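Shown below: run28.cif, with mmCIF, C-alpha atoms.
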```
data_structure
loop_
_atom_site.label_atom_id
_atom_site.label_comp_id
_atom_site.auth_asym_id
_atom_site.auth_seq_id
_atom_site.Cartn_x
_atom_site.Cartn_y
_atom_site.Cartn_z
CA MET A 98 204.07 94.40 228.82
CA ALA A 99 206.10 92.75 231.58
CA PRO A 100 209.78 92.37 230.70
CA GLU A 101 209.46 88.56 230.43
CA ALA A 102 206.52 88.88 228.07
CA ALA A 103 208.42 91.41 225.97
CA ASP A 104 211.39 89.01 225.77
CA GLU A 105 209.11 86.22 224.71
CA ALA A 106 207.48 88.39 222.04
CA LEU A 107 210.88 89.43 220.71
CA GLU A 108 212.06 85.82 220.71
CA SER A 109 209.10 84.71 218.66
CA ARG A 110 209.55 87.56 216.15
CA LEU A 111 213.20 86.67 215.79
CA ALA A 112 212.40 83.00 215.37
CA ARG A 113 209.91 83.88 212.65
CA LEU A 114 212.52 85.88 210.71
CA GLU A 115 214.99 83.00 211.05
CA ALA A 116 212.33 80.60 209.86
CA VAL A 117 211.78 82.65 206.71
CA GLU A 118 215.51 82.64 205.93
CA GLU A 119 215.86 78.91 206.53
CA ILE A 120 212.84 78.14 204.37
CA ARG A 121 214.16 80.38 201.59
CA GLN A 122 217.45 78.51 201.76
CA LEU A 123 215.63 75.18 201.59
CA VAL A 124 214.16 75.89 198.18
CA SER A 125 217.44 77.15 196.70
CA ARG A 126 219.34 74.19 198.14
CA TYR A 127 216.80 71.86 196.60
CA ALA A 128 217.37 73.37 193.15
CA LEU A 129 221.17 73.21 193.41
CA ALA A 130 221.16 69.68 194.84
CA LEU A 131 218.85 68.53 192.08
CA ASP A 132 220.90 70.11 189.29
CA SER A 133 224.16 68.74 190.72
CA ARG A 134 222.46 65.35 191.32
CA ASP A 135 223.51 65.47 194.96
CA VAL A 136 220.84 63.08 196.20
CA ASP A 137 222.27 62.96 199.76
CA VAL A 138 221.86 66.71 200.16
CA LEU A 139 218.51 66.61 198.37
CA VAL A 140 216.94 64.15 200.82
CA SER A 141 218.55 65.83 203.84
CA LEU A 142 216.27 68.81 203.14
CA PHE A 143 213.21 66.72 204.04
CA VAL A 144 211.99 65.65 207.49
CA PRO A 145 213.60 62.31 208.45
CA ASP A 146 210.27 60.47 208.29
CA VAL A 147 209.29 62.03 204.95
CA GLU A 148 206.38 60.36 203.22
CA VAL A 149 207.54 59.33 199.74
CA HIS A 150 205.27 59.54 196.68
CA ASP A 151 205.11 55.73 196.46
CA GLY A 152 203.85 55.38 200.05
CA THR A 153 207.20 54.44 201.63
CA ARG A 154 208.85 56.55 204.34
CA GLY A 155 212.19 58.06 205.22
CA ARG A 156 215.13 59.72 203.51
CA ALA A 157 216.68 56.46 202.25
CA ALA A 158 213.38 55.56 200.60
CA LEU A 159 213.14 59.05 199.14
CA ALA A 160 216.67 58.75 197.72
CA GLU A 161 215.68 55.47 196.10
CA TRP A 162 212.57 57.08 194.64
CA PHE A 163 214.53 60.06 193.31
CA ASP A 164 217.11 57.97 191.46
CA PRO A 165 215.00 56.91 188.45
CA VAL A 166 213.20 60.26 188.48
CA LEU A 167 216.50 62.12 187.98
CA ARG A 168 217.89 59.97 185.16
CA PRO A 169 215.68 60.56 182.11
CA TYR A 170 217.37 63.90 181.48
CA ARG A 171 220.94 65.15 181.65
CA THR A 172 221.66 68.83 182.28
CA THR A 173 218.93 70.56 184.30
CA PHE A 174 218.69 74.20 185.42
CA HIS A 175 216.19 75.08 188.15
CA LEU A 176 215.85 78.84 188.31
CA ILE A 177 213.77 79.77 191.36
CA GLY A 178 211.66 82.89 191.61
CA ASN A 179 208.52 83.94 193.48
CA HIS A 180 208.30 82.48 196.97
CA VAL A 181 205.26 82.92 199.20
CA ILE A 182 205.46 81.56 202.77
CA ASP A 183 202.47 81.30 205.11
CA PHE A 184 202.93 80.18 208.69
CA VAL A 185 200.35 77.79 210.09
CA ASP A 186 201.89 77.83 213.56
CA GLU A 187 205.40 78.22 214.94
CA ASP A 188 206.48 74.81 213.65
CA HIS A 189 204.53 74.56 210.40
CA ALA A 190 204.33 76.60 207.23
CA ILE A 191 203.11 76.22 203.68
CA GLY A 192 204.63 77.79 200.62
CA ALA A 193 204.41 78.34 196.90
CA VAL A 194 207.58 78.60 194.83
CA TYR A 195 207.77 79.41 191.14
CA CYS A 196 210.46 77.69 189.16
CA ARG A 197 211.38 77.68 185.47
CA PRO A 198 213.40 74.51 185.09
CA GLU A 199 215.08 73.53 181.82
CA HIS A 200 215.92 69.90 180.99
CA GLU A 201 218.14 68.35 178.37
CA VAL A 202 216.07 65.40 177.12
CA ASP A 203 218.02 63.68 174.32
CA GLU A 204 217.69 66.08 171.38
CA LEU A 205 215.06 68.25 173.09
CA TRP A 206 215.47 71.11 175.56
CA ILE A 207 212.35 71.01 177.69
CA VAL A 208 211.18 74.09 179.60
CA MET A 209 208.56 73.40 182.28
CA PRO A 210 207.37 76.44 184.27
CA LEU A 211 205.86 75.16 187.48
CA VAL A 212 204.83 76.00 190.98
CA TYR A 213 205.89 73.91 193.97
CA ASP A 214 203.18 73.38 196.53
CA ASP A 215 205.29 73.07 199.70
CA ARG A 216 204.79 72.11 203.31
CA TYR A 217 207.57 72.97 205.76
CA GLU A 218 208.05 71.73 209.31
CA ARG A 219 210.43 72.65 212.11
CA ARG A 220 212.17 69.74 213.85
CA ASP A 221 214.76 70.26 216.61
CA GLY A 222 215.02 73.94 215.76
CA HIS A 223 215.51 73.53 211.99
CA TRP A 224 213.15 73.74 209.04
CA TYR A 225 212.64 70.96 206.51
CA PHE A 226 210.34 70.05 203.67
CA LYS A 227 207.43 67.99 204.88
CA SER A 228 206.37 67.63 201.27
CA ARG A 229 206.86 69.16 197.80
CA ARG A 230 204.34 68.83 195.00
CA PRO A 231 205.27 70.36 191.64
CA HIS A 232 202.43 71.46 189.36
CA ALA A 233 203.36 72.40 185.80
CA PHE A 234 201.91 75.26 183.75
CA TYR A 235 203.29 73.60 180.63
CA ALA A 236 206.17 71.54 179.33
CA ALA A 237 207.54 72.19 175.86
CA ASP A 238 210.76 72.15 173.91
CA VAL A 239 212.42 75.55 173.85
CA LEU A 240 211.60 75.81 170.12
CA GLU A 241 207.98 74.71 170.51
CA HIS A 242 204.90 76.88 170.96
CA PRO A 243 203.38 75.81 174.31
CA LEU A 244 199.84 76.01 172.93
CA GLN A 245 200.71 73.85 169.93
CA VAL A 246 201.80 71.02 172.20
CA GLU A 247 199.12 68.45 173.05
CA GLY A 248 197.72 69.13 176.51
CA ARG A 249 200.39 71.84 176.88
CA PHE A 250 202.69 69.02 177.96
CA HIS A 251 205.60 67.55 176.00
CA PHE A 252 208.15 65.83 178.21
CA PRO A 253 209.04 62.39 176.83
CA GLY A 254 210.15 59.79 179.35
CA ASN A 255 209.40 61.74 182.52
CA PRO A 256 208.14 59.14 185.01
CA PHE A 257 206.88 61.70 187.54
CA MET A 258 205.57 64.77 185.74
CA THR A 259 203.01 63.73 183.16
CA ARG A 260 200.63 66.63 182.58
CA ALA A 261 200.05 70.37 182.89
CA THR A 262 197.57 71.19 185.63
CA MET A 263 198.23 74.88 186.32
CA PRO A 264 196.43 77.22 186.56
CA GLU A 265 193.27 75.15 186.05
CA ARG A 266 193.74 73.11 189.24
CA THR A 267 193.29 76.17 191.44
CA ALA A 268 189.78 76.72 192.74
CA THR A 269 190.05 80.46 192.18
CA TRP A 270 190.73 79.98 188.45
CA GLU A 271 187.68 77.76 188.19
CA ARG A 272 185.49 80.25 190.03
CA PHE A 273 186.76 83.21 188.02
CA TRP A 274 185.71 81.67 184.71
CA ALA A 275 182.52 79.99 186.01
CA MET B 30 223.77 82.33 219.58
CA THR B 31 223.03 85.60 221.35
CA VAL B 32 220.22 87.83 220.15
CA VAL B 33 222.76 90.21 218.60
CA GLU B 34 224.46 87.35 216.75
CA ARG B 35 221.12 86.13 215.48
CA VAL B 36 220.17 89.58 214.20
CA ASP B 37 223.62 89.86 212.59
CA ARG B 38 222.98 86.60 210.76
CA LEU B 39 219.60 87.77 209.51
CA GLU B 40 221.11 91.00 208.22
CA ALA B 41 223.88 88.99 206.59
CA TYR B 42 221.38 86.89 204.63
CA ARG B 43 219.62 89.99 203.37
CA GLN B 44 222.79 91.85 202.44
CA ILE B 45 224.31 88.86 200.69
CA ARG B 46 221.14 88.24 198.70
CA GLU B 47 221.20 91.89 197.73
CA LEU B 48 224.80 91.65 196.55
CA ALA B 49 223.63 89.24 193.86
CA ALA B 50 220.67 91.44 192.90
CA ARG B 51 222.71 94.65 192.93
CA TYR B 52 225.38 93.00 190.78
CA GLY B 53 222.70 92.32 188.17
CA ARG B 54 221.17 95.76 188.30
CA ASP B 55 224.49 97.63 188.30
CA LEU B 56 226.07 95.53 185.60
CA ASP B 57 223.03 95.87 183.31
CA ALA B 58 223.09 99.66 183.82
CA ARG B 59 226.89 99.75 183.45
CA ALA B 60 227.01 101.58 186.79
CA MET B 61 230.63 100.63 187.18
CA ASP B 62 231.33 102.55 190.39
CA ASP B 63 228.32 101.01 192.12
CA LEU B 64 229.20 97.60 190.74
CA LEU B 65 232.78 97.75 191.98
CA GLU B 66 231.68 98.93 195.41
CA LEU B 67 230.09 95.52 195.90
CA TYR B 68 233.61 94.09 196.12
CA VAL B 69 236.21 94.44 198.88
CA PRO B 70 238.19 97.63 198.22
CA GLU B 71 241.56 96.01 197.51
CA ILE B 72 240.43 94.25 194.33
CA ARG B 73 238.32 97.04 192.79
CA ASP B 74 241.00 98.59 190.56
CA ARG B 75 242.12 95.25 189.21
CA LEU B 76 238.52 94.21 188.59
CA ARG B 77 237.72 97.47 186.80
CA ASP B 78 240.51 96.72 184.34
CA VAL B 79 238.94 93.34 183.62
CA LEU B 80 235.26 94.23 183.70
CA VAL B 81 235.26 97.40 181.61
CA PRO B 82 236.75 95.86 178.45
CA ALA B 83 234.65 92.71 178.94
CA LEU B 84 231.45 94.75 179.19
CA ARG B 85 232.40 96.82 176.15
CA ARG B 86 232.31 93.64 174.10
CA VAL B 87 228.55 93.21 174.73
CA GLN B 88 225.59 95.54 174.43
CA ILE B 89 222.31 95.00 176.29
CA THR B 90 222.47 92.53 179.16
CA ILE B 91 219.60 91.32 181.34
CA LEU B 92 220.76 89.40 184.38
CA HIS B 93 217.81 87.73 186.06
CA VAL B 94 219.02 86.26 189.33
CA GLY B 95 217.25 83.35 191.01
CA THR B 96 218.34 80.40 193.11
CA HIS B 97 220.78 81.53 195.82
CA VAL B 98 222.37 79.16 198.34
CA ILE B 99 224.33 80.82 201.16
CA ASP B 100 226.64 78.94 203.54
CA PHE B 101 228.30 80.69 206.44
CA VAL B 102 231.91 79.79 207.18
CA ASP B 103 232.02 81.99 210.27
CA GLU B 104 230.38 85.24 211.34
CA ASP B 105 232.40 87.28 208.82
CA ASN B 106 232.71 84.88 205.89
CA ALA B 107 230.33 82.98 203.67
CA THR B 108 230.22 81.15 200.36
CA GLY B 109 227.39 81.12 197.87
CA SER B 110 225.95 79.66 194.70
CA VAL B 111 223.81 81.93 192.56
CA TYR B 112 221.87 81.06 189.44
CA CYS B 113 221.27 83.64 186.77
CA HIS B 114 219.39 83.53 183.49
CA ALA B 115 220.99 86.12 181.27
CA GLU B 116 219.92 87.59 177.96
CA VAL B 117 222.79 89.22 176.14
CA GLN B 118 223.11 91.22 172.95
CA ASN B 119 226.63 90.43 171.89
CA ALA B 120 229.04 92.28 169.62
CA GLU B 121 227.65 90.53 166.54
CA HIS B 122 224.12 91.66 167.52
CA MET B 123 223.11 88.13 168.32
CA TRP B 124 220.58 87.67 171.13
CA ILE B 125 221.91 85.06 173.50
CA SER B 126 220.44 83.16 176.44
CA GLN B 127 222.82 82.01 179.10
CA ALA B 128 222.24 79.85 182.15
CA ILE B 129 224.93 80.88 184.63
CA HIS B 130 226.20 79.62 187.97
CA TYR B 131 228.22 82.06 190.08
CA GLY B 132 230.48 80.61 192.76
CA ASP B 133 230.85 83.38 195.33
CA ARG B 134 232.77 84.24 198.46
CA TYR B 135 231.45 86.96 200.74
CA THR B 136 233.11 88.74 203.59
CA ARG B 137 232.01 91.30 206.17
CA ARG B 138 234.02 94.48 206.74
CA ASP B 139 232.91 97.09 209.27
CA GLY B 140 229.45 95.62 209.41
CA ARG B 141 228.93 95.42 205.66
CA TRP B 142 229.07 92.41 203.35
CA TYR B 143 231.06 92.37 200.09
CA PHE B 144 232.12 89.99 197.38
CA ALA B 145 235.50 88.81 198.71
CA ARG B 146 236.88 87.98 195.27
CA ALA B 147 235.95 88.05 191.60
CA ARG B 148 232.87 85.90 191.09
CA ARG B 149 233.55 82.48 189.60
CA HIS B 150 231.38 82.60 186.48
CA GLU B 151 230.38 79.23 185.04
CA LEU B 152 228.02 78.50 182.20
CA PHE B 153 225.51 75.71 182.05
CA TYR B 154 225.14 76.86 178.46
CA GLY B 155 224.94 79.85 176.19
CA ALA B 156 222.74 79.62 173.10
CA GLU B 157 221.57 82.03 170.47
CA HIS B 158 217.87 82.84 170.44
CA GLY B 159 216.10 80.05 168.58
CA VAL B 160 218.89 77.52 169.05
CA ARG B 161 218.64 74.49 171.35
CA PRO B 162 221.50 74.34 173.85
CA ASN B 163 221.89 70.56 173.35
CA GLY B 164 225.27 69.32 172.27
CA LEU B 165 226.84 72.66 171.40
CA PRO B 166 230.64 72.79 171.25
CA LEU B 167 232.33 73.83 174.49
CA ALA B 168 231.96 77.55 175.09
CA ASP B 169 235.26 77.94 176.93
CA TRP B 170 233.77 81.16 178.34
CA PRO B 171 234.83 84.00 178.17
CA GLU B 172 236.37 82.90 174.85
CA ASN B 173 232.84 82.34 173.46
CA ASP B 174 229.50 83.45 174.85
CA THR B 175 227.63 80.48 173.37
CA GLY B 176 228.24 76.78 173.75
CA THR B 177 228.21 74.06 176.38
CA GLY B 178 229.50 75.18 179.76
CA THR B 179 231.36 73.52 182.59
CA VAL B 180 228.46 72.83 184.99
CA PRO B 181 226.86 70.53 185.97
CA MET B 182 229.53 68.18 184.54
CA ARG B 183 232.27 69.64 186.74
CA TRP B 184 230.45 68.88 189.96
CA GLU B 185 231.64 65.79 191.85
CA SER B 186 228.13 64.84 192.91
CA TRP B 187 227.09 64.88 189.24
CA GLN B 188 229.93 62.57 188.30
CA ALA B 189 229.22 60.28 191.25
CA PHE B 190 225.52 60.10 190.36
CA TRP B 191 226.17 58.97 186.81
CA GLY B 192 228.95 56.71 188.06
CA THR B 193 231.12 57.39 185.08
CA GLY B 194 232.67 60.78 185.58
CA LEU B 195 231.25 61.50 182.16
CA HIS B 196 228.52 63.79 180.97
CA GLN B 197 226.67 60.99 179.24
CA PRO B 198 225.09 58.24 181.35
CA THR B 199 226.08 54.76 180.20
#
```
Could you render the structure as C-alpha cells?
Amino acid sequence: MAPEAADEALESRLARLEAVEEIRQLVSRYALALDSRDVDVLVSLFVPDVEVHDGTRGRAALAEWFDPVLRPYRTTFHLIGNHVIDFVDEDHAIGAVYCRPEHEVDELWIVMPLVYDDRYERRDGHWYFKSRRPHAFYAADVLEHPLQVEGRFHFPGNPFMTRATMPERTATWERFWA
Amino acid sequence: MTVVERVDRLEAYRQIRELAARYGRDLDARAMDDLLELYVPEIRDRLRDVLVPALRRVQITILHVGTHVIDFVDEDNATGSVYCHAEVQNAEHMWISQAIHYGDRYTRRDGRWYFARARRHELFYGAEHGVRPNGLPLADWPENDTGTGTVPMRWESWQAFWGTGLHQPT
C-alpha cells in the first residue's frame, strides 16, 4: 500500500471506532435526558431536520411532540443493555438497543422491556439519531404476571406505546414457527 | 485532534466504561483490593474504612450496570453518569431491588483512568422484592436501603419540566 493509501485506511478505521463510541453515547444520553426530563438535550441528540412521528420536522417540533408523551408518568428509569450497531456506509448506521425501562404510573410501577430500532446519521462530523422506534416485548406492573396481562400490554394512559409487538414483528420469528 | 489524541480518547472511553463494570464485579465479589485500585491512590485508605463496614452490613449483591454517559472535561478528566440495577440481600435477609444513579468523576494518571473521588450514589428507589416502589417513604440512603430516593426529583431539568420544583405535576 502506498503511504497515502495507508493513511487513508487508518483514518477510516479510526473514524469507525469513534463512530461506535459516539453512537454508544447517544443511546445512554437519550436515557438520562429522558429520565431527567431534559427535553433540550433529548432533541439535540437527533438530526436537526428530524422527522417527527406526527409528520412534522425539526427539533422544536420533536420537543413539542415529546412533551405530552413524557407527562403520563412520573419517575422513569431507562436501563440500557445490549447494543448492536451495523454500518450502512461511513455516514449511516442502524442499531438495536435493549432497554428495560420502569415507569411510575399513578399507583402502578410499569416495566416495559423493549428494543429500540435505531437509525444513526453523521452530520458535520458528529453522529445523531435519524430515528428511534421502540418496540415493546411487554408492559406490565412490577407485581403482574406478563402473560396474565391482556395482549401482554398494560400501560394505562401512554399516548405513544400502545401494544406489545416483540418478538412477533420480526420476520425471523415468524419464519421459525411457520 | 491528532491521531494520538484521538486514540487516547478511544482508550479513555473503554477504560472509563470498564471502571463501572469492574466496580460492579469487584464489589459483588468483595474483592476489596481490586475495588480500591479503581480509585486514585490517595483516597484508597479512607475509602476502605467506609466501604468495608458498609459492605459487611449486606450479603449478596448483584450490580447490573447499564446506561453510562461520559463527558470529557479535558484530556485527563471526565465526569459520568452510570445507571445500575442492584439486587441486594440485606442484613435482615430481605431481597431488595434498587435503581441507582452514580455521579462519577474520572481522572487519568500515568496513562490509566481512575475514579477521582468516592462515587456519588443516588437512589431512584429501593424496594423489597414484591413491593411497588411507588410512594415509599424517603430512603435517606445509606440510612435505609429501601424507600424513595433523591433522583430524578433533584435534577434541575426535572423540576423545570414539571414547572413546579415538585415531584408531583400539578
Checklist entry - Could you write out as a ChimeraX atom specification the residues that the PyMOL selection byres ((chain A) within 9 of (chain B)) matches in the shown file? => result /A:108,111,114-115,118,121-126,128-130,132-136,164,168,171-178,201-206,238-240
Next on the checklist: Report, in Å to a single decimal, how far apart CA of Leu92 (chain B) and CA of Pro210 (chain A) are.
Outcome noted: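 Atom-to-atom, CA of Pro210 (chain A) to CA of Leu92 (chain B), that is 18.6 Å.
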Checklist entry - What is the distance, in Å and to one decimal place, between CA of Asp133 (chain B) and CA of Gly53 (chain B)? => result 14.1 Å
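The space separating CA of Ala158 (chain A) from CA of Val117 (chain A) comes to 27.8 Å.
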Next on the checklist: Which residue is closest to His223 (chain A)? Choose from A:Val208, A:Ile120, A:Ala157, A:Val166 and count only C-alpha atoms.
Outcome noted: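 Under the stated criterion, the closest residue is A:Ile120.
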Could you work out an axis-aligned bounding box for all listed atoms of region 177-185 of chain B, with 4 Å added on each of the six sides, and give its centre and edge lengths in Å to one decimal, as JSON?
```
{"center_x": 229.6, "center_y": 70.5, "center_z": 184.1, "size_x": 13.4, "size_y": 17.4, "size_z": 23.5}
```
Item to check | Residue among B:Met61, B:Tyr135, B:Glu172, B:Ile125 lying closest to Ala156 (chain B), counting all atoms listed in the file | outcome: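 Smallest distance to Ala156 (chain B) is found for B:Ile125.
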Item to check | Cut-off 12 Å around (234.7, 75.5, 174.7) with all atoms listed in the file: residues as an MDAnalysis selection string | outcome: chainID B and resid 151:155 164:179
Written selection (C-alpha atoms) as a PDB file, in the coordinates of the input:
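This is the output file again.pdb:
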```
ATOM      1  CA  GLU B 151     230.380  79.230 185.040  1.00  0.00           C
ATOM      2  CA  LEU B 152     228.020  78.500 182.200  1.00  0.00           C
ATOM      3  CA  PHE B 153     225.510  75.710 182.050  1.00  0.00           C
ATOM      4  CA  TYR B 154     225.140  76.860 178.460  1.00  0.00           C
ATOM      5  CA  GLY B 155     224.940  79.850 176.190  1.00  0.00           C
ATOM      6  CA  GLY B 164     225.270  69.320 172.270  1.00  0.00           C
ATOM      7  CA  LEU B 165     226.840  72.660 171.400  1.00  0.00           C
ATOM      8  CA  PRO B 166     230.640  72.790 171.250  1.00  0.00           C
ATOM      9  CA  LEU B 167     232.330  73.830 174.490  1.00  0.00           C
ATOM     10  CA  ALA B 168     231.960  77.550 175.090  1.00  0.00           C
ATOM     11  CA  ASP B 169     235.260  77.940 176.930  1.00  0.00           C
ATOM     12  CA  TRP B 170     233.770  81.160 178.340  1.00  0.00           C
ATOM     13  CA  PRO B 171     234.830  84.000 178.170  1.00  0.00           C
ATOM     14  CA  GLU B 172     236.370  82.900 174.850  1.00  0.00           C
ATOM     15  CA  ASN B 173     232.840  82.340 173.460  1.00  0.00           C
ATOM     16  CA  ASP B 174     229.500  83.450 174.850  1.00  0.00           C
ATOM     17  CA  THR B 175     227.630  80.480 173.370  1.00  0.00           C
ATOM     18  CA  GLY B 176     228.240  76.780 173.750  1.00  0.00           C
ATOM     19  CA  THR B 177     228.210  74.060 176.380  1.00  0.00           C
ATOM     20  CA  GLY B 178     229.500  75.180 179.760  1.00  0.00           C
ATOM     21  CA  THR B 179     231.360  73.520 182.590  1.00  0.00           C
TER      22      THR B 179
END
```
Item to check | Polymer residues at most 12 Å from (217.5, 59.7, 200.8) by all atoms listed in the file, as a VMD selection string | outcome: chain A and resid 135 to 149 153 to 164
Checklist entry - Care to translate the PyMOL selection byres ((chain B and resi 70-73) around 12) into actual residues of this file, as an NGL selection string? => result :B and (61-69 or 74-81 or 136-138 or 142-148)
